Amino acid sequence: MGSNEIISHLFRSGSGRLGILILFVMVSVSIFVLATFPRNFGSQIWSDPSQWADYPKAAPPQWVNLISEESRPKHIVLKMSQPGSENIYGGSRTNQYSAEFVHSSNEPPSFLSISFSEIQFHTRAPQIRISLLRPDNKEIVLFRHIVRGPRAGETSPFSRYSESDYRTLLTSDKIVLNNVETFFKTSFKDFRGKAFNPDIARHAIFGTPIFEDSLNQTEFTPLTGRYEINIQVISDPRDDIGPMQFVYGGSVYGFMGTDAQGRDLLKGLLFGLPIALLIGVGAALLTALIGTTLGIASGYIGGWVDICIQRGADIVANIPVLPLLIFLIFIIGSKLYLIILVLVAFSWPSLAILIRSMVLQTRSSQLVEMAITLGASPTRIMTRYIFPQTAPFVFAQLVFLIPSAILAEAALSFLGLGDASIPTWGQILEQGFRSGGIYVGYWWWVLPPGLLIVTTAMTFILLALSMEQVTNPRLRKRPLQ
Amino acid sequence: MSTSLLEVNNLELHYGPESSRVRAVNDVSLSIHESGRALGIVGESGCGKSSLSLALMRMLDNAVIQYSGSIKMEGEELMTMSDDEFRQQIRWSRISMVPQGSMNALNPVLRLGDQISEPLLYKEGPHKTTKKEAVARTNEVLNMVGLSEDIASRYPHELSGGMKQRGLLAMALILKPQIIILDEPTSALDVSVQAQIMNLLKKLKTDFGLAIIFVTHDVALASDICDEISVAYAGKIVETGTAEQILRDPQHPYTKRLLVSVPTIKSPIPPDFIPGSPPNLSDLPSGCHFHPRCENALPICSKQIPPVIAKGTKHLAQCWLLADKPLG
Amino acid sequence: MSILQPLLVRTLSLVVVFFVILFLLVITLGATGFSDRTLRSIVNEDLRGIRTGLAQTIRDPDQLESVMRERRQDLESFYDLDKAWYVRLPGSLIRVITLDLGEARNMRAFEGSKKISRIVLERLPNTMILLTTSFLVTTVIGLAVGTYLSTHPGSRLDRIISYFAAISFAIPAWWLGIILILLFAIQFRIFPSGGMYSSPPPVDSLPRFWDLVLHATLPIITLVLVSLGPYIYVVRTMTINIAQEDFVRTARAKGLRERHVLTAHILRVASPPIVTGLILGLTGTLGGSILIETVFDWQGMGRLYFETFAGTPDEGMIVALTFVFTLMYIVARIILEIMYVLLDPRVRY
């Protein structure tokens with residue numbers, strides 16, 4: 001029974017073919033992820049909240065619009081780097097930036113934000129004015145900003161916002177709220193609403209007031225259509241103004257939605273795939289290596305070696321795995337390689353015990369006895385004669401160990417013992433659970449990572465089951481005589 | 001003619017699937033005239049003799065696609081009984097058996113005594129007894145087969161091969177059946193134990209008037225105990241007669257071959273073997289099923305099923321060579 | 001042929017395993033410096049308290065420092081911090097075994113006590129409610145469905161169950177719990193999403209019990225679902241294998257009722273491996289209870305275990321809980337060995 005036979009068997013059974021197909025897809029995606037994602041994705045991007053500021057928080061995937069009747073606003077990012085018009089008058093320059101977007105939902109966006117970057121000025125600090133032109137041709141002046149002037153001892157030119165962007169969340173800024181309130185008081189005669197909070201402001205900016213109710217008017221009908229964001233920058237003609245970014249925060253996002261911190265779940269889930277495979281394959285390979293080595297040594301050398309290895313295996317096999325796994329990871333730290341090593345430490349015994357019994361059988365086989373008679377060294381006998389006999393079995397066990405390791409890591413991560421610098425599916429689930437996401441029905445946060453764990457584990461179980469016929473002697477059909 | 005104890009006619013037992021029908025029991029007829037007599041059924045392994053004993057006990061698995069013919073016991077037709085009637089009234093109560101493979105035939109986790117007395121306690125019908133009576137009866141049958149009563153509390157793994165075989169025999173006797181089928185009862189035992197068991201069987205036969213159907217591959221062993229012998233080949237009985245007739249004057253070429261294949265002490269003739277192997281029961285040769293292995297096969301042997309020919313009282317054989325005027 | 005000898009041998013070897021695990025536990029705490037760290041932080045905390053007390057009486061800062069140094073030395077020798085961890089080892093081992101682990105740092109028992117042993121033992125029955133109920137349900141359903149399938153191998157239900165078994169191996173129990181919460185607690189609002197009682201809990205005993213049943217339903221369903229599939233499959237496969245043995249044919253030949261053959265012969269012989277499967281499943285669930293109790297906010301030991309390292313880790317609590325989990329596991333294994341010896345006379349030698 002060689003490896004060819006195993007492979008041909010895999011392709012023959014339906015579950016084997018399905019397993020190989022999914023595995024192929026997973027490996028391709030993993031290669032794509034490894035090639036396109038930065039190495040330090042976990043620590044530099046995923047765990048850095050500033051990276052996710054301009055994303056909607058806890059937004060379901062965009063495609064929920066297809067299922068639900070209510071169409072929710074999609075996320076729009078408008079980048080402006082070149083001014084639409086430029087006027088120089090009396091030593092000062094007025095740059096006009098503008099961008100259009102369509103607001104088509106009855107629900108206002110979850111937020112509006114603006115960011116400036118890389119501003120360099122020579123004498124006077126540039127002044128920025130942001131306004132929004134609505135479909136009813138009324139213009140709301142949202143925000144005015146004066147770039148911070150020269151500090152004591154600073155010399156011209158003065159550089160601002162080059163290290164990190166200047167970002168304002170327009171929909172919760174006190175000044176913006178006041179501006180919006182003022183706008184409604186001046187533009188709508190009878191408007192008497194007051195005390196705008198961010199929620200009222202969002203509805204107000206994208207709506208027209210309902211007049212029937214005269215006091216404390218804070219109800220609005222949605223105003224859909226084409227909006228234009230206008231940014232006016234007044235500065236010295238020599239000054240440089242970097243690109244700006246206006247964000248219309250959707251309440252649905254992307255293919256997989258976002259978590260409560262606004263992180264794009266698609267990215268996290270994709271990154272989790274190669275990690276899951278690494279954990280599974282890594283732990284399984286190491287376990288197979290250690291289990292087989294100890295099993296062969298135990299079976300072939302015998303004596304004290306055998307007794308020590310078997311007693312060790314007995315003890316480890318009788319350990320309540322999860323509590324001690326948690327204990328150990330907690331004590332020695334949750335680094336990914338440590339987690340893999342601890343998993344290996346708990347899973348070698350069953351393989352070692354099985355391999356030992358197989359070795360005891362093959363040791364007395366004619367082939368091995370002949371090799372001994374011919375004077376082969378024990379190492380040679382173990383590697384050349386005994387190992388090949390156990391190899392297919394080890395391979396099948398290895399495939400079976402992969403899902404166990406993936407599931408164990410997921411469980412640890414779910415308990416908050418995952419390696420925080422490397423996002424895994426278990427960690428995404430843990431955050432979804434611990435932040436209370438499930439109690440408010442954030443299904444897109446908890447279903448996909450779990451489904452991915454199940455699919456990945458299932459793939460290897462399918463492969464292991466379809467190989468079982470070859471490798472499990474009890475299930476092997478007798479060849480016809 | 002008085003009614004026989006057991007009269008089997010044209011018994012058929014075929015296993016499925018239809019596409020590769022296994023004809024394990026093929027038009028078999030046999031009889032045991034009265035109690036205290038023993039019938040031997042002799043044949044190579046794979047000739048359907050174990051299936052025959054299962055057919056007599058109506059122990060059919062799901063794959064059976066044909067089960068027909070007639071089994072009469074003291075004139076009463078058993079084939080028309082419902083499965084439940086047969087199970088309650090016939091199986092173990094009137095026909096019991098000692099199954100083949102005595103090593104695994106006992107339940108490993110139950111005490112021997114409990115296994116012996118089980119039918120008395122759990123089988124519905126007239127046998128049902130109290131626990132106390134069951135123990136007494138168990139001790140009685142243990143004594144009958146030459147085992148001491150304390151064996152009853154032992155587990156099978158604590159018994160030797162011979163003890164297990166006796167235990168199985170005791171188990172078969174518990175309901176005082178008229179007929180007992182012994183399927184290769186001694187094949188797993190060494191020769192001295194084998195002899196003890198054979199003597200025990202003879203004693204049961206004469207002292208208690210037990211009728212025995214003795215299924216074996218060993219003609220010599222069969223002739224030791226049996227009054228009549230039927231030779232089975234490919235699910236059929238090819239020759240039947242008294243033990244004497246079969247041994248001294250075999251008619252069917254297969255019987256002759258079978259006899260020669262048994263080594264005999266100090267005989268100048270070396271034991272011969274039967275060429276070829278027993279036929280596949282799902283793909284039987286046409287005509288006489290033995291013809292591919294028969295040295296004297298005639299052209300007709302492969303074409304037509306041979307007639308049954310009488311060669312004296314009770315001595316019947318089914319072979320073209322014995323026909324007065326072979327056709328074709 | 002004594003039944004006691006194999007029982008003693010097996011039990012003793014498990015007890016040895018138990019002590020080896022404890023020993024390794026304490027060694028790990030010592031060798032990684034974890035126990036030094038925790039003791040030191042306890043000393044520092046004590047010293048802070050002492051300093052505020054002393055600062056009111058001793059005005060001279062130099063004198064205060066020297067008194068503090070003295071106190072620190074006293075405390076360190078009191079906690080044996082001046083000795084190496086392996087010197088402290090026997091002491092800590094004994095303290096673990098007697099559950100004399102002092103007081104929890106930031107946790108309290110429901111009745112107010114801070115003693116670790118009280119806190120842990122108070123949670124034990126809650127965990128047992130979940131474990132034993134799901135164990136019983138799994139056993140009953142598993143046996144019934146497993147034996148039914150063994151008489152219908154290859155049927156549609158048989159194939160469905162075999163997929164079910166494979167899938168339930170691949171589904172993390174805790175995730176299944178989350179799905180059930182999303183479905184039955186959030187979407188359909190049939191069952192509560194977590195906790196053991198509503199707040200405030202009903203006062204009368206009958207409504208109170210009913211409240212507990214409602215809260216326990218989802219966690220128990222979760223535990224049953226993940227262990228049922230494999231278990232049914234063990235029962236089915238064992239029963240089919242044994243039904244083909246010669247002694248079953250003997251039993252049929254005796255003309256016994258088919259039901260009697262199934263229960264008194266097939267299942268009787270299949271019972272040792274079936275019991276093994278069950279108890280191994282139970283011990284698996286023991287670990288799983290940490291996750292399930294966390295998901296369902298069930299006030300058992302698992303939830304407690306999660307809490308002890310979720311906030312500021314408490315060494316005493318962690319050791320105590322790991323100890324109790326190991327103890328429960330070993331007890332289950334000992335029960336298994338006893339059952340096995342009782343059920344299968346072949347292993348009595």
# chains A, B, ... in the order shown; residues from 1 in each chain; ligands from 1
call {"tool": "select_by_dssp", "arguments": {"residues": "region 70-119 of chain B", "states": "strand (DSSP E)", "output": "PyMOL selection string"}}
result
chain B and resi 70-73+76-77+95-98
call {"tool": "write_last_selection", "arguments": {"atoms": "C-alpha atoms", "output": "tab-separated table (two decimals), in the first residue's frame"}}
result
chain	number	residue	atom	x	y	z
B	70	SER	CA	-40.90	-29.84	2.95
B	71	ILE	CA	-39.68	-30.65	6.45
B	72	LYS	CA	-41.90	-33.09	8.30
B	73	MET	CA	-41.38	-34.08	11.89
B	76	GLU	CA	-46.25	-32.79	10.89
B	77	GLU	CA	-45.26	-30.27	8.23
B	95	ILE	CA	-34.51	-29.71	17.11
B	96	SER	CA	-31.48	-28.14	18.74
B	97	MET	CA	-27.95	-27.72	17.55
B	98	VAL	CA	-24.35	-27.41	18.58
call {"tool": "interface_residues", "arguments": {"of": "chain C", "to": "chain A", "cutoff": "6 Å", "atoms": "only C-alpha atoms", "output": "list in words"}}
result
Val17, Ala170, Ile171 and Gly287 of chain C
call {"tool": "atom_distance", "arguments": {"atom1": "CA of Gly302 (chain C)", "atom2": "CA of Asn126 (chain C)"}}
result
9.8 Å
call {"tool": "residues_around", "arguments": {"residues": "region 151-156 of chain A", "least_positions_apart": "6", "cutoff": "12 Å", "atoms": "only C-alpha atoms", "output": "list in words"}}
result
Gln120, Phe121, His122, Thr123, Arg124, Ala125, Arg238 and Asp239 of chain A
call {"tool": "write_last_selection", "arguments": {"atoms": "N, CA and C atoms", "output": "compact mmCIF listing (two decimals), in the first residue's frame"}}
result
# COMPACT_ATOMS: atom_id res chain seq x y z
N GLN A 120 1.14 72.36 4.18
CA GLN A 120 2.36 73.12 4.46
C GLN A 120 2.08 74.59 4.16
N PHE A 121 2.28 75.44 5.15
CA PHE A 121 2.00 76.87 4.88
C PHE A 121 3.21 77.71 5.24
N HIS A 122 3.21 78.96 4.65
CA HIS A 122 4.40 79.79 4.81
C HIS A 122 4.20 80.93 5.79
N THR A 123 3.07 81.61 5.71
CA THR A 123 2.87 82.72 6.66
C THR A 123 1.60 82.53 7.47
N ARG A 124 0.46 82.69 6.83
CA ARG A 124 -0.79 82.59 7.55
C ARG A 124 -1.29 81.15 7.52
N ALA A 125 -1.96 80.79 8.58
CA ALA A 125 -2.51 79.43 8.60
C ALA A 125 -3.70 79.35 7.66
N ARG A 238 1.49 80.07 -2.17
CA ARG A 238 2.63 79.14 -2.15
C ARG A 238 2.34 77.85 -1.37
N ASP A 239 1.28 77.88 -0.58
CA ASP A 239 1.05 76.76 0.35
C ASP A 239 0.64 75.49 -0.38
call {"tool": "residues_around", "arguments": {"residues": "region 80-83 of chain C", "least_positions_apart": "3", "cutoff": "12 Å", "atoms": "only C-alpha atoms", "output": "JSON, numbers by chain"}}
result
{"C": [30, 33, 35, 36, 37, 38, 39, 40, 41, 42, 43, 72, 73, 74, 75, 76, 77, 86, 87, 88, 89, 91, 92]}
call {"tool": "residues_around", "arguments": {"residues": "region 234-242 of chain C", "least_positions_apart": "5", "cutoff": "7 Å", "atoms": "only C-alpha atoms", "output": "number ranges by chain"}}
result
C: 143, 146-147, 149-150, 266-267, 270, 274
call {"tool": "residues_around", "arguments": {"residues": "Asp218 (chain B)", "least_positions_apart": "4", "cutoff": "12 Å", "atoms": "only C-alpha atoms", "output": "short mmCIF file (atom, residue, chain, number, x, y, z; two decimals) with N, CA, C and O atoms, in the first residue's frame"}}
result
data_model
loop_
_atom_site.label_atom_id
_atom_site.label_comp_id
_atom_site.auth_asym_id
_atom_site.auth_seq_id
_atom_site.Cartn_x
_atom_site.Cartn_y
_atom_site.Cartn_z
N GLY B 40 -25.21 -38.90 9.17
CA GLY B 40 -24.03 -38.08 8.91
C GLY B 40 -24.21 -37.31 7.62
O GLY B 40 -24.71 -37.86 6.64
N ILE B 41 -23.81 -36.04 7.63
CA ILE B 41 -23.79 -35.29 6.37
C ILE B 41 -22.33 -34.90 6.14
O ILE B 41 -21.74 -34.16 6.93
N VAL B 42 -21.77 -35.48 5.07
CA VAL B 42 -20.33 -35.36 4.86
C VAL B 42 -20.07 -34.58 3.58
O VAL B 42 -20.76 -34.77 2.58
N GLY B 43 -19.10 -33.74 3.63
CA GLY B 43 -18.71 -33.01 2.43
C GLY B 43 -17.57 -32.06 2.71
O GLY B 43 -17.22 -31.82 3.87
N GLU B 44 -16.96 -31.56 1.63
CA GLU B 44 -15.88 -30.60 1.80
C GLU B 44 -16.42 -29.30 2.37
O GLU B 44 -17.62 -29.04 2.30
N SER B 45 -15.51 -28.46 2.84
CA SER B 45 -15.98 -27.16 3.31
C SER B 45 -16.46 -26.36 2.09
O SER B 45 -15.93 -26.49 1.00
N ASP B 183 -22.75 -29.48 14.21
CA ASP B 183 -22.05 -28.92 13.06
C ASP B 183 -20.56 -28.91 13.35
O ASP B 183 -20.08 -28.10 14.14
N GLU B 184 -19.83 -29.83 12.71
CA GLU B 184 -18.38 -29.95 12.93
C GLU B 184 -18.06 -29.88 14.42
O GLU B 184 -17.30 -29.01 14.85
N PRO B 185 -18.61 -30.75 15.22
CA PRO B 185 -18.51 -30.56 16.67
C PRO B 185 -17.09 -30.73 17.20
O PRO B 185 -16.79 -30.25 18.30
N THR B 186 -16.23 -31.37 16.47
CA THR B 186 -14.92 -31.70 17.04
C THR B 186 -13.77 -31.09 16.28
O THR B 186 -12.61 -31.31 16.63
N SER B 187 -14.07 -30.32 15.23
CA SER B 187 -12.96 -29.90 14.36
C SER B 187 -11.97 -28.99 15.07
O SER B 187 -10.81 -28.91 14.68
N PHE B 214 -25.19 -35.35 12.11
CA PHE B 214 -23.78 -35.11 12.36
C PHE B 214 -23.16 -34.52 11.09
O PHE B 214 -22.99 -35.22 10.09
N ALA B 222 -17.56 -39.58 10.83
CA ALA B 222 -19.00 -39.77 10.64
C ALA B 222 -19.34 -41.26 10.76
O ALA B 222 -20.33 -41.64 11.41
N SER B 223 -18.51 -42.10 10.16
CA SER B 223 -18.81 -43.53 10.17
C SER B 223 -18.73 -44.11 11.58
O SER B 223 -19.33 -45.14 11.88
N ASP B 224 -18.00 -43.40 12.46
CA ASP B 224 -17.85 -43.88 13.82
C ASP B 224 -19.16 -43.84 14.58
O ASP B 224 -19.42 -44.68 15.44
N ILE B 225 -20.00 -42.89 14.26
CA ILE B 225 -21.21 -42.71 15.06
C ILE B 225 -22.49 -42.89 14.26
O ILE B 225 -23.54 -43.26 14.81
N CYS B 226 -22.40 -42.67 12.93
CA CYS B 226 -23.63 -42.57 12.14
C CYS B 226 -24.12 -43.93 11.65
O CYS B 226 -23.34 -44.80 11.29
N ILE B 229 -25.31 -42.27 6.18
CA ILE B 229 -24.48 -41.13 5.78
C ILE B 229 -25.00 -40.58 4.46
O ILE B 229 -25.33 -41.34 3.55
N VAL B 231 -23.80 -37.90 1.46
CA VAL B 231 -22.64 -37.17 1.00
C VAL B 231 -23.14 -35.93 0.25
O VAL B 231 -23.96 -36.04 -0.67
N THR B 255 -17.85 -39.57 -3.77
CA THR B 255 -17.72 -40.33 -2.52
C THR B 255 -16.44 -41.15 -2.55
O THR B 255 -15.70 -41.20 -1.56
N LEU B 258 -13.59 -38.92 -1.95
CA LEU B 258 -13.60 -38.49 -0.56
C LEU B 258 -12.98 -39.55 0.34
O LEU B 258 -12.19 -39.25 1.23
N LEU B 259 -13.31 -40.80 0.06
CA LEU B 259 -12.80 -41.89 0.89
C LEU B 259 -11.32 -42.07 0.69
O LEU B 259 -10.58 -42.30 1.65
N VAL B 260 -10.85 -41.95 -0.54
CA VAL B 260 -9.43 -42.13 -0.81
C VAL B 260 -8.61 -41.00 -0.20
O VAL B 260 -7.45 -41.18 0.19
N SER B 261 -9.22 -39.84 -0.07
CA SER B 261 -8.45 -38.70 0.43
C SER B 261 -8.16 -38.81 1.92
O SER B 261 -7.38 -38.04 2.45
N VAL B 262 -8.81 -39.75 2.60
CA VAL B 262 -8.57 -39.90 4.04
C VAL B 262 -7.33 -40.79 4.23
O VAL B 262 -7.30 -41.91 3.75
N PRO B 263 -6.33 -40.28 4.93
CA PRO B 263 -5.15 -41.13 5.13
C PRO B 263 -5.48 -42.27 6.10
O PRO B 263 -6.20 -42.09 7.08
#
call {"tool": "closest_atom_pairs", "arguments": {"of": "chain B", "to": "chain C", "cutoff": "9 Å", "atoms": "only C-alpha atoms", "output": "CSV"}}
result
residue,atom,partner,partner_atom,distance
B:Leu54,CA,C:Ala253,CA,8.8
B:Met57,CA,C:Ala253,CA,7.2
B:Arg58,CA,C:Ala253,CA,8.9
B:Met59,CA,C:Ala253,CA,7.0
B:Asp84,CA,C:Arg257,CA,8.9
B:Phe86,CA,C:Gly255,CA,8.5
B:Arg87,CA,C:Gly255,CA,4.9
B:Gln88,CA,C:Gly255,CA,6.2
B:Gln89,CA,C:Gly255,CA,8.7
B:Ile90,CA,C:Gly255,CA,8.3
B:Arg91,CA,C:Gly255,CA,5.4
B:Trp92,CA,C:Lys254,CA,5.1
B:Ser93,CA,C:Lys254,CA,8.2
B:Ser96,CA,C:Ala253,CA,7.3
B:Met97,CA,C:Ala253,CA,7.3
B:Val98,CA,C:Thr250,CA,8.1
B:Pro99,CA,C:Thr250,CA,6.6
B:Gln100,CA,C:Asp246,CA,8.4
B:Gly101,CA,C:Asp246,CA,7.4
B:Ser102,CA,C:Asp246,CA,8.5
B:Met103,CA,C:Asp246,CA,8.8
B:Asn104,CA,C:Asp246,CA,5.5
B:Ala105,CA,C:Phe247,CA,4.1
B:Leu106,CA,C:Phe247,CA,4.9
B:Asn107,CA,C:Phe247,CA,5.2
B:Pro108,CA,C:Arg346,CA,7.4
B:Val109,CA,C:Asp344,CA,5.8
B:Leu110,CA,C:Pro345,CA,8.2
B:Gln115,CA,C:Ala251,CA,8.6
B:Glu118,CA,C:Lys254,CA,8.4
B:Pro119,CA,C:Lys254,CA,6.4
B:Tyr122,CA,C:Leu256,CA,6.9
B:Lys123,CA,C:Leu256,CA,5.5
B:Glu124,CA,C:Leu256,CA,8.2
B:Tyr155,CA,C:Pro345,CA,7.3
B:Pro156,CA,C:Arg346,CA,8.9
B:His157,CA,C:Arg346,CA,6.8
B:Glu158,CA,C:Arg346,CA,8.8
B:Met171,CA,C:Lys254,CA,8.8
B:Ala172,CA,C:Lys254,CA,8.1
call {"tool": "residues_around", "arguments": {"residues": "Asp165 (chain A)", "least_positions_apart": "2", "cutoff": "12 Å", "atoms": "only C-alpha atoms", "output": "list in words"}}
result
Ser50, Gln51, Ala53, Asp54, Ile114, Ser115, Phe116, Ser117, Glu118, Ile119, Ser159, Arg160, Tyr161, Ser162, Glu163, Arg167, Thr168, Gly242, Pro243, Met244 and Gln245 of chain A
call {"tool": "atom_distance", "arguments": {"atom1": "CA of Leu177 (chain A)", "atom2": "CA of Asp240 (chain A)"}}
result
29.6 Å
call {"tool": "select_by_dssp", "arguments": {"residues": "region 86-273 of chain C", "states": "helix (DSSP H, G or I)", "output": "VMD selection string"}}
result
chain C and resid 86 to 97 116 to 151 156 to 170 173 to 187 205 to 243 246 to 253 258 to 273
call {"tool": "atom_distance", "arguments": {"atom1": "CA of Ala109 (chain C)", "atom2": "CA of Glu122 (chain C)"}}
result
7.2 Å
